[in-house]
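Engineer: Following this message is one structure expressed as structure tokens.
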Amino acid sequence: MRRGSWKIRIFIGLAIVAFAFIQRCSNKEENPYTGREQTINMTSEQEIAIGVQSAPEIAQQHGGLYPDERLQSFVDFVGEKLVDNSIARETPYEYDFHLLADDQTINAFALPGGQVFITYALFSQLNEAQLAGVLGHEIGHVIGRHSAERIAESSFWQTITMGASVGADAGGIVGSIGQNTLLKNGRGDELESDELGVLFMINAGYDPTEMIEVMKILKAAAGPNRVPEFQSSHPDPENRIEKIREAIAKYGG
């Protein structure tokens, strides 16, 4: 490669990287519900649209919706009770709670904008207060804008990787840093949602200590071969229990 051409590649690569950092700084905003500064590159309307568009496919991956309308109505009742008694009702998000037919996978999750899911496998092991803890945690993910933050973070690292690849073919290294960053943020997201879940439970009149029982259920479901915390995107249940106890003390539950 000629020296002039190499210099041009370096310049273009640096320009791409500089653009990524400038864009990241311009996209910083304070979350009005958590007070945390975040990098977000989409509106709440876009979050809602992503969630609504993705919900049917997500449900299908878990065997569709659970066919018992009575149980679905119960999930709706608990979810709406949490929303109506918390800051969630002040947000622009459209909360919709889905009981999935999957009776093998113990899981619950939320899409951006308010689409919340829980599998029958997990639902069937919970009492009402524990269900409130799970749904409150997932509402916390929505209010925390964790998916939107992760999307923005991923976009940032993709741009950085492209700049590094153009300038010095070092994209793989930078890409690896990006993945580690996303994993670390994921643990923080879980802990923030746990705390919000505790607050929502208290506000709705549920016993927040039931969230600790949920952690024990999740730990038992993971079994003895659980991935060590430093390799996982989720904190260890024991660490989460400690933080939940701190949140209960903080909010006077």
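Within each chain, counting starts at residue 1; across the structure tokens, chains are named A, B, ... in the order shown, with ligands numbered 1 upward in that order.
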Write out as a ChimeraX atom specification each polymer residue whose atoms come within 10 Å of Pro32 (chain A), counting only C-alpha atoms; drop sequence neighbours fewer than 3 positions from it.
Structural biologist: /A:29,35-37,91,143-144
Engineer: Could you write out the selected residues, including C-alpha atoms, as a short mmCIF file (atom, residue, chain, number, x, y, z; two decimals), in the first residue's frame?
Structural biologist:
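And here is the file that came out, selection-v8.cif:
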```cif
data_model
loop_
_atom_site.label_atom_id
_atom_site.label_comp_id
_atom_site.auth_asym_id
_atom_site.auth_seq_id
_atom_site.Cartn_x
_atom_site.Cartn_y
_atom_site.Cartn_z
CA GLU A 29 -30.16 12.84 28.02
CA GLY A 35 -32.69 10.55 36.95
CA ARG A 36 -29.91 8.61 35.25
CA GLU A 37 -28.05 10.11 32.28
CA THR A 91 -44.77 7.65 31.04
CA ILE A 143 -39.02 2.89 32.28
CA GLY A 144 -35.24 2.57 32.50
#
```
Engineer: So that I can check the secondary structure, give me every residue of region 8-159 of chain A assigned alpha helix (DSSP H) by backbone DSSP, as an MDAnalysis selection string.
Structural biologist: chainID A and resid 8:26 44:61 69:84 120:123 128:143 146:159
Engineer: What gap, in Å, lies between CA of Ile202 (chain A) and CA of Phe77 (chain A)?
Structural biologist: 16.3 Å
Engineer: Just the residues within 10 Å of Ala221 (chain A), please, counting only C-alpha atoms, with nothing from its chain fewer than 6 positions along; format it as a PDB file with N, CA and C atoms, in the first residue's frame.
Structural biologist:
```pdb
ATOM      1  N   THR A 105     -39.554 -23.051  29.610  1.00  0.00           N
ATOM      2  CA  THR A 105     -38.547 -22.012  29.825  1.00  0.00           C
ATOM      3  C   THR A 105     -38.997 -21.051  30.910  1.00  0.00           C
ATOM      4  N   ILE A 106     -38.251 -20.990  31.998  1.00  0.00           N
ATOM      5  CA  ILE A 106     -38.566 -20.059  33.082  1.00  0.00           C
ATOM      6  C   ILE A 106     -37.965 -18.704  32.735  1.00  0.00           C
ATOM      7  N   ASN A 107     -38.846 -17.771  32.350  1.00  0.00           N
ATOM      8  CA  ASN A 107     -38.321 -16.497  31.864  1.00  0.00           C
ATOM      9  C   ASN A 107     -39.407 -15.425  31.880  1.00  0.00           C
ATOM     10  N   LEU A 122     -42.681 -19.975  34.320  1.00  0.00           N
ATOM     11  CA  LEU A 122     -42.371 -19.144  35.482  1.00  0.00           C
ATOM     12  C   LEU A 122     -43.647 -18.761  36.219  1.00  0.00           C
ATOM     13  N   MET A 215     -36.046 -14.566  43.368  1.00  0.00           N
ATOM     14  CA  MET A 215     -34.626 -14.799  43.101  1.00  0.00           C
ATOM     15  C   MET A 215     -34.248 -16.247  43.420  1.00  0.00           C
TER      16      MET A 215
END
```
Engineer: A:Ala132, A:Ala148, A:Arg187, A:Tyr95: which is nearest Glu213 (chain A), counting only C-alpha atoms?
Structural biologist: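 The shortest atom-to-atom distance to Glu213 (chain A) comes from A:Ala132.
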